[in-house]
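A short write-up of the structure that comes next.
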Amino acid sequence: MTYLEIVNNVLKRLRERTVSTVDENTYSELIGVLVNDAKEEVENAWNWSALRNTLTVTTAASTFNYELNGTQANFRVLDVVNDTSNFFMDYRSSNDFNRFFLTSTPASGIPRYYSFNGTSSDGDTLVDIYPIPDAVYSLRFNVIDPQAELSSDSDVLLVPAKPVQMLAYAKAIEERGEDGGAASSSAYATAQRVLNDAIAFDSAKHPDEAIWNV
């Protein structure tokens, strides 16, 4: 569903006139902002199938710091694989990496560990790997990569649309201050129920991730 379609669906629920572009008037612009706020909350609620992405880093000998292009700062890691050597890499803390690099002579060889270390000039996350590569390796970062903010009318939402619509509607009701908050409370409860249903459907594709081990 497109950004414009979502905004118009929210406007219909509010009994407002639909628009031909999100920026048509100040109120449709406000609904657009609330849609993006709702989108972010829905994205953060679950590791959605639609947001799963694999980022490939190709190493160079003697280089340990790499940019994960397109990640910005709000992605989540599922796992990291050294695809060349066929094993999962392990996360290590910044303290561990300081110990690797600052208190001893850094080793070179097959990369086995990773740790995030700052951002690039365009906002992408930088990652350090260790040991320092001694050759070319292909490293696969399997991540949850949230969609950029919707801006064009034709931008297509990746996560399920209904939870985003219902949450944006609840936010709009709250912004209006109707019924002393009763209407917004009911709308938020409905939005939560719709979100829970969407998570249940999507989590069925990844049942192992919905199991809590005590």
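By order of appearance in the structure tokens: chains A, B, ..., then residues from 1 within every chain, and ligands from 1 in the order shown.
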
### Message
I'd like to know which residues of stretch 50-169 of chain A are helix (DSSP H, G or I) (by DSSP, run on the backbone); could you write them as a ChimeraX atom specification?
### Response
/A:50-51,94-102,161-169

Spatial neighbours of stretch 73-89 of chain A, 8 Å, only C-alpha atoms, chain gap at least 2 places, as a PDB file with all heavy atoms, in the first residue's frame:
ATOM      1  N   THR A  71      22.607   1.034   6.013  1.00  0.00           N
ATOM      2  CA  THR A  71      22.058   0.630   7.306  1.00  0.00           C
ATOM      3  C   THR A  71      21.604   1.802   8.159  1.00  0.00           C
ATOM      4  O   THR A  71      20.720   1.641   8.998  1.00  0.00           O
ATOM      5  CB  THR A  71      23.097  -0.159   8.111  1.00  0.00           C
ATOM      6  OG1 THR A  71      24.309   0.612   8.199  1.00  0.00           O
ATOM      7  CG2 THR A  71      23.395  -1.488   7.451  1.00  0.00           C
ATOM      8  N   TYR A  91      29.776 -11.766  17.970  1.00  0.00           N
ATOM      9  CA  TYR A  91      29.896 -10.376  18.394  1.00  0.00           C
ATOM     10  C   TYR A  91      30.844 -10.292  19.594  1.00  0.00           C
ATOM     11  O   TYR A  91      30.821 -11.141  20.487  1.00  0.00           O
ATOM     12  CB  TYR A  91      28.531  -9.815  18.784  1.00  0.00           C
ATOM     13  CG  TYR A  91      28.626  -8.464  19.457  1.00  0.00           C
ATOM     14  CD1 TYR A  91      28.764  -7.306  18.693  1.00  0.00           C
ATOM     15  CD2 TYR A  91      28.604  -8.352  20.842  1.00  0.00           C
ATOM     16  CE1 TYR A  91      28.876  -6.064  19.306  1.00  0.00           C
ATOM     17  CE2 TYR A  91      28.703  -7.118  21.467  1.00  0.00           C
ATOM     18  CZ  TYR A  91      28.849  -5.980  20.694  1.00  0.00           C
ATOM     19  OH  TYR A  91      28.976  -4.760  21.293  1.00  0.00           O
ATOM     20  N   ILE A 110      41.714 -15.374   9.486  1.00  0.00           N
ATOM     21  CA  ILE A 110      40.315 -15.501   9.097  1.00  0.00           C
ATOM     22  C   ILE A 110      39.441 -14.704  10.077  1.00  0.00           C
ATOM     23  O   ILE A 110      39.511 -14.928  11.288  1.00  0.00           O
ATOM     24  CB  ILE A 110      39.887 -16.979   9.105  1.00  0.00           C
ATOM     25  CG1 ILE A 110      40.737 -17.792   8.141  1.00  0.00           C
ATOM     26  CG2 ILE A 110      38.410 -17.121   8.755  1.00  0.00           C
ATOM     27  CD1 ILE A 110      40.502 -19.290   8.222  1.00  0.00           C
ATOM     28  N   PRO A 111      38.622 -13.773   9.592  1.00  0.00           N
ATOM     29  CA  PRO A 111      37.769 -12.983  10.498  1.00  0.00           C
ATOM     30  C   PRO A 111      36.768 -13.869  11.249  1.00  0.00           C
ATOM     31  O   PRO A 111      36.060 -14.666  10.645  1.00  0.00           O
ATOM     32  CB  PRO A 111      37.043 -12.020   9.551  1.00  0.00           C
ATOM     33  CG  PRO A 111      37.897 -11.965   8.327  1.00  0.00           C
ATOM     34  CD  PRO A 111      38.500 -13.328   8.195  1.00  0.00           C
ATOM     35  N   ARG A 112      36.723 -13.698  12.583  1.00  0.00           N
ATOM     36  CA  ARG A 112      35.832 -14.494  13.418  1.00  0.00           C
ATOM     37  C   ARG A 112      34.923 -13.647  14.308  1.00  0.00           C
ATOM     38  O   ARG A 112      33.896 -14.128  14.778  1.00  0.00           O
ATOM     39  CB  ARG A 112      36.647 -15.438  14.301  1.00  0.00           C
ATOM     40  CG  ARG A 112      37.417 -16.486  13.520  1.00  0.00           C
ATOM     41  CD  ARG A 112      38.140 -17.451  14.429  1.00  0.00           C
ATOM     42  NE  ARG A 112      38.803 -18.492  13.637  1.00  0.00           N
ATOM     43  CZ  ARG A 112      38.203 -19.595  13.209  1.00  0.00           C
ATOM     44  NH1 ARG A 112      36.935 -19.800  13.500  1.00  0.00           N
ATOM     45  NH2 ARG A 112      38.853 -20.489  12.494  1.00  0.00           N
ATOM     46  N   TYR A 113      35.278 -12.383  14.541  1.00  0.00           N
ATOM     47  CA  TYR A 113      34.530 -11.539  15.456  1.00  0.00           C
ATOM     48  C   TYR A 113      34.197 -10.202  14.788  1.00  0.00           C
ATOM     49  O   TYR A 113      34.910  -9.744  13.888  1.00  0.00           O
ATOM     50  CB  TYR A 113      35.343 -11.271  16.725  1.00  0.00           C
ATOM     51  CG  TYR A 113      35.895 -12.523  17.363  1.00  0.00           C
ATOM     52  CD1 TYR A 113      37.269 -12.746  17.427  1.00  0.00           C
ATOM     53  CD2 TYR A 113      35.056 -13.494  17.893  1.00  0.00           C
ATOM     54  CE1 TYR A 113      37.779 -13.895  18.009  1.00  0.00           C
ATOM     55  CE2 TYR A 113      35.553 -14.642  18.480  1.00  0.00           C
ATOM     56  CZ  TYR A 113      36.921 -14.849  18.529  1.00  0.00           C
ATOM     57  OH  TYR A 113      37.426 -15.985  19.087  1.00  0.00           O
ATOM     58  N   TYR A 114      33.133  -9.585  15.259  1.00  0.00           N
ATOM     59  CA  TYR A 114      32.754  -8.263  14.752  1.00  0.00           C
ATOM     60  C   TYR A 114      32.290  -7.387  15.907  1.00  0.00           C
ATOM     61  O   TYR A 114      31.819  -7.877  16.938  1.00  0.00           O
ATOM     62  CB  TYR A 114      31.653  -8.371  13.689  1.00  0.00           C
ATOM     63  CG  TYR A 114      30.312  -8.803  14.228  1.00  0.00           C
ATOM     64  CD1 TYR A 114      29.353  -7.864  14.597  1.00  0.00           C
ATOM     65  CD2 TYR A 114      29.985 -10.151  14.377  1.00  0.00           C
ATOM     66  CE1 TYR A 114      28.116  -8.248  15.107  1.00  0.00           C
ATOM     67  CE2 TYR A 114      28.758 -10.552  14.889  1.00  0.00           C
ATOM     68  CZ  TYR A 114      27.824  -9.597  15.241  1.00  0.00           C
ATOM     69  OH  TYR A 114      26.611  -9.979  15.750  1.00  0.00           O
ATOM     70  N   THR A 119      29.971   5.671  12.865  1.00  0.00           N
ATOM     71  CA  THR A 119      29.215   5.795  11.625  1.00  0.00           C
ATOM     72  C   THR A 119      30.041   6.542  10.586  1.00  0.00           C
ATOM     73  O   THR A 119      30.955   7.304  10.921  1.00  0.00           O
ATOM     74  CB  THR A 119      27.890   6.554  11.856  1.00  0.00           C
ATOM     75  OG1 THR A 119      28.172   7.849  12.411  1.00  0.00           O
ATOM     76  CG2 THR A 119      26.976   5.796  12.794  1.00  0.00           C
ATOM     77  N   GLY A 123      26.157   8.552   7.524  1.00  0.00           N
ATOM     78  CA  GLY A 123      25.291   7.989   8.548  1.00  0.00           C
ATOM     79  C   GLY A 123      25.200   6.486   8.604  1.00  0.00           C
ATOM     80  O   GLY A 123      24.474   5.944   9.442  1.00  0.00           O
ATOM     81  N   ASP A 124      25.932   5.778   7.746  1.00  0.00           N
ATOM     82  CA  ASP A 124      25.906   4.317   7.779  1.00  0.00           C
ATOM     83  C   ASP A 124      26.792   3.785   8.903  1.00  0.00           C
ATOM     84  O   ASP A 124      27.785   4.405   9.283  1.00  0.00           O
ATOM     85  CB  ASP A 124      26.372   3.734   6.443  1.00  0.00           C
ATOM     86  CG  ASP A 124      25.355   3.918   5.341  1.00  0.00           C
ATOM     87  OD1 ASP A 124      24.156   3.995   5.659  1.00  0.00           O
ATOM     88  OD2 ASP A 124      25.748   3.978   4.161  1.00  0.00           O
ATOM     89  N   THR A 125      26.427   2.618   9.415  1.00  0.00           N
ATOM     90  CA  THR A 125      27.171   2.013  10.526  1.00  0.00           C
ATOM     91  C   THR A 125      28.499   1.441  10.045  1.00  0.00           C
ATOM     92  O   THR A 125      28.577   0.842   8.970  1.00  0.00           O
ATOM     93  CB  THR A 125      26.338   0.902  11.179  1.00  0.00           C
ATOM     94  OG1 THR A 125      25.152   1.485  11.732  1.00  0.00           O
ATOM     95  CG2 THR A 125      27.107   0.208  12.282  1.00  0.00           C
ATOM     96  N   TYR A 137      37.591 -12.032   1.968  1.00  0.00           N
ATOM     97  CA  TYR A 137      36.543 -12.872   2.537  1.00  0.00           C
ATOM     98  C   TYR A 137      35.194 -12.208   2.268  1.00  0.00           C
ATOM     99  O   TYR A 137      35.091 -10.980   2.242  1.00  0.00           O
ATOM    100  CB  TYR A 137      36.717 -13.057   4.041  1.00  0.00           C
ATOM    101  CG  TYR A 137      37.979 -13.773   4.438  1.00  0.00           C
ATOM    102  CD1 TYR A 137      39.160 -13.062   4.680  1.00  0.00           C
ATOM    103  CD2 TYR A 137      38.002 -15.158   4.579  1.00  0.00           C
ATOM    104  CE1 TYR A 137      40.325 -13.723   5.058  1.00  0.00           C
ATOM    105  CE2 TYR A 137      39.163 -15.827   4.947  1.00  0.00           C
ATOM    106  CZ  TYR A 137      40.320 -15.101   5.183  1.00  0.00           C
ATOM    107  OH  TYR A 137      41.474 -15.753   5.545  1.00  0.00           O
ATOM    108  N   SER A 138      34.180 -13.027   2.103  1.00  0.00           N
ATOM    109  CA  SER A 138      32.818 -12.527   1.940  1.00  0.00           C
ATOM    110  C   SER A 138      32.069 -12.725   3.256  1.00  0.00           C
ATOM    111  O   SER A 138      31.876 -13.866   3.693  1.00  0.00           O
ATOM    112  CB  SER A 138      32.100 -13.266   0.806  1.00  0.00           C
ATOM    113  OG  SER A 138      30.767 -12.802   0.663  1.00  0.00           O
ATOM    114  N   LEU A 139      31.659 -11.611   3.883  1.00  0.00           N
ATOM    115  CA  LEU A 139      30.956 -11.648   5.161  1.00  0.00           C
ATOM    116  C   LEU A 139      29.514 -11.207   4.937  1.00  0.00           C
ATOM    117  O   LEU A 139      29.261 -10.165   4.334  1.00  0.00           O
ATOM    118  CB  LEU A 139      31.629 -10.730   6.175  1.00  0.00           C
ATOM    119  CG  LEU A 139      33.149 -10.854   6.322  1.00  0.00           C
ATOM    120  CD1 LEU A 139      33.644  -9.889   7.387  1.00  0.00           C
ATOM    121  CD2 LEU A 139      33.561 -12.285   6.633  1.00  0.00           C
ATOM    122  N   ARG A 140      28.577 -12.001   5.429  1.00  0.00           N
ATOM    123  CA  ARG A 140      27.159 -11.708   5.235  1.00  0.00           C
ATOM    124  C   ARG A 140      26.525 -11.292   6.565  1.00  0.00           C
ATOM    125  O   ARG A 140      26.495 -12.075   7.516  1.00  0.00           O
ATOM    126  CB  ARG A 140      26.435 -12.916   4.652  1.00  0.00           C
ATOM    127  CG  ARG A 140      26.888 -13.260   3.239  1.00  0.00           C
ATOM    128  CD  ARG A 140      26.080 -14.425   2.683  1.00  0.00           C
ATOM    129  NE  ARG A 140      26.461 -14.737   1.329  1.00  0.00           N
ATOM    130  CZ  ARG A 140      25.933 -14.176   0.244  1.00  0.00           C
ATOM    131  NH1 ARG A 140      24.991 -13.264   0.385  1.00  0.00           N
ATOM    132  NH2 ARG A 140      26.332 -14.517  -0.959  1.00  0.00           N
ATOM    133  N   PHE A 141      26.002 -10.075   6.603  1.00  0.00           N
ATOM    134  CA  PHE A 141      25.295  -9.557   7.770  1.00  0.00           C
ATOM    135  C   PHE A 141      23.800  -9.667   7.498  1.00  0.00           C
ATOM    136  O   PHE A 141      23.250  -8.944   6.663  1.00  0.00           O
ATOM    137  CB  PHE A 141      25.683  -8.098   8.024  1.00  0.00           C
ATOM    138  CG  PHE A 141      27.068  -7.918   8.560  1.00  0.00           C
ATOM    139  CD1 PHE A 141      28.175  -8.053   7.734  1.00  0.00           C
ATOM    140  CD2 PHE A 141      27.276  -7.617   9.900  1.00  0.00           C
ATOM    141  CE1 PHE A 141      29.466  -7.895   8.231  1.00  0.00           C
ATOM    142  CE2 PHE A 141      28.556  -7.450  10.406  1.00  0.00           C
ATOM    143  CZ  PHE A 141      29.659  -7.595   9.562  1.00  0.00           C
ATOM    144  N   ASN A 142      23.143 -10.597   8.173  1.00  0.00           N
ATOM    145  CA  ASN A 142      21.694 -10.756   8.053  1.00  0.00           C
ATOM    146  C   ASN A 142      21.036  -9.843   9.082  1.00  0.00           C
ATOM    147  O   ASN A 142      21.231 -10.017  10.290  1.00  0.00           O
ATOM    148  CB  ASN A 142      21.304 -12.218   8.273  1.00  0.00           C
ATOM    149  CG  ASN A 142      21.902 -13.120   7.209  1.00  0.00           C
ATOM    150  OD1 ASN A 142      21.767 -12.855   6.022  1.00  0.00           O
ATOM    151  ND2 ASN A 142      22.564 -14.190   7.625  1.00  0.00           N
ATOM    152  N   VAL A 143      20.272  -8.882   8.594  1.00  0.00           N
ATOM    153  CA  VAL A 143      19.792  -7.807   9.466  1.00  0.00           C
ATOM    154  C   VAL A 143      18.305  -7.536   9.260  1.00  0.00           C
ATOM    155  O   VAL A 143      17.701  -7.937   8.262  1.00  0.00           O
ATOM    156  CB  VAL A 143      20.584  -6.502   9.202  1.00  0.00           C
ATOM    157  CG1 VAL A 143      22.067  -6.708   9.421  1.00  0.00           C
ATOM    158  CG2 VAL A 143      20.318  -5.976   7.789  1.00  0.00           C
ATOM    159  N   ILE A 144      17.740  -6.845  10.239  1.00  0.00           N
ATOM    160  CA  ILE A 144      16.439  -6.208  10.098  1.00  0.00           C
ATOM    161  C   ILE A 144      16.728  -4.744   9.783  1.00  0.00           C
ATOM    162  O   ILE A 144      17.291  -4.021  10.606  1.00  0.00           O
ATOM    163  CB  ILE A 144      15.600  -6.317  11.377  1.00  0.00           C
ATOM    164  CG1 ILE A 144      15.395  -7.787  11.759  1.00  0.00           C
ATOM    165  CG2 ILE A 144      14.259  -5.615  11.204  1.00  0.00           C
ATOM    166  CD1 ILE A 144      14.648  -8.595  10.732  1.00  0.00           C
ATOM    167  N   ASP A 145      16.366  -4.327   8.589  1.00  0.00           N
ATOM    168  CA  ASP A 145      16.741  -2.997   8.099  1.00  0.00           C
ATOM    169  C   ASP A 145      15.481  -2.164   7.882  1.00  0.00           C
ATOM    170  O   ASP A 145      14.815  -2.287   6.846  1.00  0.00           O
ATOM    171  CB  ASP A 145      17.518  -3.141   6.792  1.00  0.00           C
ATOM    172  CG  ASP A 145      18.250  -1.870   6.400  1.00  0.00           C
ATOM    173  OD1 ASP A 145      18.273  -0.935   7.220  1.00  0.00           O
ATOM    174  OD2 ASP A 145      18.798  -1.815   5.285  1.00  0.00           O
ATOM    175  N   PRO A 146      15.077  -1.322   8.851  1.00  0.00           N
ATOM    176  CA  PRO A 146      13.847  -0.542   8.712  1.00  0.00           C
ATOM    177  C   PRO A 146      13.842   0.313   7.447  1.00  0.00           C
ATOM    178  O   PRO A 146      14.878   0.805   7.001  1.00  0.00           O
ATOM    179  CB  PRO A 146      13.836   0.330   9.971  1.00  0.00           C
ATOM    180  CG  PRO A 146      14.622  -0.464  10.962  1.00  0.00           C
ATOM    181  CD  PRO A 146      15.715  -1.118  10.164  1.00  0.00           C
TER     182      PRO A 146
END

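With only C-alpha atoms as the atoms that count, the minimum distance from A:Arg176 to the choices A:Leu4, A:Ser121, A:Ala50, A:Ile31 is reached by A:Ile31.
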
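Excluding stretch 190-194 of chain A itself and same-chain residues fewer than 6 positions from it, the residues having an atom within 6 Å of it are Pro163, Met166 and Leu167 of chain A, counting only C-alpha atoms.
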
Expected file contents, prior selection, N, CA, C and O atoms, as a CSV table (one decimal), in the first residue's frame:
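Now in again14.csv:
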chain,number,residue,atom,x,y,z
A,163,PRO,N,-1.8,-2.3,10.8
A,163,PRO,CA,-1.4,-1.8,12.1
A,163,PRO,C,-0.9,-0.3,12.0
A,163,PRO,O,-1.1,0.4,12.9
A,166,MET,N,-4.1,1.9,11.7
A,166,MET,CA,-4.8,2.0,13.0
A,166,MET,C,-4.1,2.8,14.0
A,166,MET,O,-4.7,3.5,14.8
A,167,LEU,N,-2.8,2.6,14.1
A,167,LEU,CA,-2.0,3.4,15.1
A,167,LEU,C,-1.9,4.8,14.7
A,167,LEU,O,-2.0,5.7,15.6

Got a sec: who's within 9 Å of A:Val22, counting only C-alpha atoms, leaving out chain neighbours fewer than 6 positions off, as a PDB file with all heavy atoms, in the first residue's frame?
ATOM      1  N   TYR A   3       2.026   5.323   0.431  1.00  0.00           N
ATOM      2  CA  TYR A   3       1.949   6.371   1.452  1.00  0.00           C
ATOM      3  C   TYR A   3       0.646   7.145   1.316  1.00  0.00           C
ATOM      4  O   TYR A   3      -0.079   7.372   2.308  1.00  0.00           O
ATOM      5  CB  TYR A   3       3.160   7.274   1.273  1.00  0.00           C
ATOM      6  CG  TYR A   3       3.360   8.378   2.271  1.00  0.00           C
ATOM      7  CD1 TYR A   3       2.940   8.262   3.597  1.00  0.00           C
ATOM      8  CD2 TYR A   3       4.026   9.547   1.890  1.00  0.00           C
ATOM      9  CE1 TYR A   3       3.161   9.282   4.514  1.00  0.00           C
ATOM     10  CE2 TYR A   3       4.268  10.563   2.801  1.00  0.00           C
ATOM     11  CZ  TYR A   3       3.826  10.439   4.099  1.00  0.00           C
ATOM     12  OH  TYR A   3       4.057  11.442   5.004  1.00  0.00           O
ATOM     13  N   LEU A   4       0.299   7.553   0.102  1.00  0.00           N
ATOM     14  CA  LEU A   4      -0.925   8.329  -0.129  1.00  0.00           C
ATOM     15  C   LEU A   4      -2.159   7.511   0.241  1.00  0.00           C
ATOM     16  O   LEU A   4      -3.098   8.043   0.862  1.00  0.00           O
ATOM     17  CB  LEU A   4      -0.999   8.776  -1.582  1.00  0.00           C
ATOM     18  CG  LEU A   4      -2.251   9.567  -1.986  1.00  0.00           C
ATOM     19  CD1 LEU A   4      -2.376  10.839  -1.158  1.00  0.00           C
ATOM     20  CD2 LEU A   4      -2.220   9.893  -3.482  1.00  0.00           C
ATOM     21  N   VAL A   7      -2.484   7.421   4.060  1.00  0.00           N
ATOM     22  CA  VAL A   7      -2.945   8.719   4.571  1.00  0.00           C
ATOM     23  C   VAL A   7      -4.436   8.896   4.297  1.00  0.00           C
ATOM     24  O   VAL A   7      -5.207   9.316   5.178  1.00  0.00           O
ATOM     25  CB  VAL A   7      -2.128   9.867   3.947  1.00  0.00           C
ATOM     26  CG1 VAL A   7      -2.798  11.215   4.209  1.00  0.00           C
ATOM     27  CG2 VAL A   7      -0.706   9.868   4.499  1.00  0.00           C
ATOM     28  N   ASN A   8      -4.884   8.553   3.102  1.00  0.00           N
ATOM     29  CA  ASN A   8      -6.305   8.705   2.773  1.00  0.00           C
ATOM     30  C   ASN A   8      -7.187   7.760   3.587  1.00  0.00           C
ATOM     31  O   ASN A   8      -8.305   8.118   3.972  1.00  0.00           O
ATOM     32  CB  ASN A   8      -6.536   8.483   1.280  1.00  0.00           C
ATOM     33  CG  ASN A   8      -6.299   9.749   0.472  1.00  0.00           C
ATOM     34  OD1 ASN A   8      -6.515  10.857   0.960  1.00  0.00           O
ATOM     35  ND2 ASN A   8      -5.858   9.603  -0.764  1.00  0.00           N
ATOM     36  N   SER A  28      -3.475  17.074   6.073  1.00  0.00           N
ATOM     37  CA  SER A  28      -2.968  15.849   5.440  1.00  0.00           C
ATOM     38  C   SER A  28      -1.470  15.697   5.695  1.00  0.00           C
ATOM     39  O   SER A  28      -0.967  14.580   5.837  1.00  0.00           O
ATOM     40  CB  SER A  28      -3.274  15.847   3.942  1.00  0.00           C
ATOM     41  OG  SER A  28      -2.630  16.918   3.270  1.00  0.00           O
ATOM     42  N   GLU A  29      -0.752  16.819   5.758  1.00  0.00           N
ATOM     43  CA  GLU A  29       0.671  16.759   6.111  1.00  0.00           C
ATOM     44  C   GLU A  29       0.851  16.212   7.526  1.00  0.00           C
ATOM     45  O   GLU A  29       1.747  15.399   7.779  1.00  0.00           O
ATOM     46  CB  GLU A  29       1.303  18.146   6.014  1.00  0.00           C
ATOM     47  CG  GLU A  29       1.496  18.642   4.586  1.00  0.00           C
ATOM     48  CD  GLU A  29       2.114  20.025   4.544  1.00  0.00           C
ATOM     49  OE1 GLU A  29       2.047  20.741   5.583  1.00  0.00           O
ATOM     50  OE2 GLU A  29       2.668  20.386   3.504  1.00  0.00           O
ATOM     51  N   ILE A  31      -1.207  14.194   9.129  1.00  0.00           N
ATOM     52  CA  ILE A  31      -1.496  12.754   9.083  1.00  0.00           C
ATOM     53  C   ILE A  31      -0.304  12.005   8.502  1.00  0.00           C
ATOM     54  O   ILE A  31       0.037  10.906   8.964  1.00  0.00           O
ATOM     55  CB  ILE A  31      -2.773  12.479   8.273  1.00  0.00           C
ATOM     56  CG1 ILE A  31      -3.976  13.152   8.920  1.00  0.00           C
ATOM     57  CG2 ILE A  31      -3.005  10.973   8.136  1.00  0.00           C
ATOM     58  CD1 ILE A  31      -4.220  12.738  10.354  1.00  0.00           C
ATOM     59  N   GLY A  32       0.373  12.584   7.522  1.00  0.00           N
ATOM     60  CA  GLY A  32       1.574  11.966   6.970  1.00  0.00           C
ATOM     61  C   GLY A  32       2.656  11.793   8.022  1.00  0.00           C
ATOM     62  O   GLY A  32       3.323  10.755   8.076  1.00  0.00           O
ATOM     63  N   SER A 151       7.975   9.393   2.034  1.00  0.00           N
ATOM     64  CA  SER A 151       7.973  10.814   1.670  1.00  0.00           C
ATOM     65  C   SER A 151       7.206  11.087   0.378  1.00  0.00           C
ATOM     66  O   SER A 151       6.441  12.048   0.308  1.00  0.00           O
ATOM     67  CB  SER A 151       9.414  11.330   1.531  1.00  0.00           C
ATOM     68  OG  SER A 151      10.138  10.569   0.589  1.00  0.00           O
ATOM     69  N   SER A 152       7.371  10.245  -0.624  1.00  0.00           N
ATOM     70  CA  SER A 152       6.640  10.420  -1.878  1.00  0.00           C
ATOM     71  C   SER A 152       5.293   9.722  -1.808  1.00  0.00           C
ATOM     72  O   SER A 152       5.147   8.697  -1.129  1.00  0.00           O
ATOM     73  CB  SER A 152       7.440   9.844  -3.053  1.00  0.00           C
ATOM     74  OG  SER A 152       8.675  10.508  -3.198  1.00  0.00           O
ATOM     75  N   ASP A 153       4.306  10.266  -2.493  1.00  0.00           N
ATOM     76  CA  ASP A 153       2.970   9.675  -2.492  1.00  0.00           C
ATOM     77  C   ASP A 153       3.002   8.207  -2.891  1.00  0.00           C
ATOM     78  O   ASP A 153       2.218   7.398  -2.379  1.00  0.00           O
ATOM     79  CB  ASP A 153       2.058  10.431  -3.463  1.00  0.00           C
ATOM     80  CG  ASP A 153       1.735  11.838  -3.005  1.00  0.00           C
ATOM     81  OD1 ASP A 153       1.888  12.124  -1.798  1.00  0.00           O
ATOM     82  OD2 ASP A 153       1.319  12.651  -3.852  1.00  0.00           O
TER      83      ASP A 153
END

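Residues surrounding A:Ser120 within 12 Å are Asn65, Tyr66, Glu67, Leu68, Asn69, Gly70, Thr71, Gln72, Ala73, Phe116, Asn117, Gly118, Asp122, Gly123, Asp124, Thr125, Leu126 and Val127 of chain A [only C-alpha atoms; sequence separation below 2 positions excluded].
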
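The closest residue to A:Ala200, picked from A:Val156, A:Ala172, A:Ala45, A:Ala187 and counting only C-alpha atoms, is A:Ala45.
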
### Task
From stretch 99-183 of chain A, collect each residue whose DSSP state is strand (DSSP E) and return the set as an MDAnalysis selection string.
chainID A and resid 108:109 113:119 125:130 132:133 138:144

### Message
As an exercise, work out the distance from atom CA of A:Asp208 to atom CA of A:Glu43 in Å and give it to one decimal place.
### Response
19.5 Å

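Between atom CA of A:Arg13 and atom CA of A:Met1 the separation is 16.5 Å.
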
### Query
Neighbours of A:Asp134 within 8 Å (only C-alpha atoms; same-chain residues fewer than 6 positions away dropped), as a PyMOL selection string?
chain A and resi 60-62+108-110

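You will find atom CA of A:Val42 at 6.5 Å from atom CA of A:Val164.
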
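Using only C-alpha atoms for every distance, the candidate list A:Val33, A:Val159, A:Ile132, A:Val19 yields A:Ile132 as the residue closest to A:Thr63.
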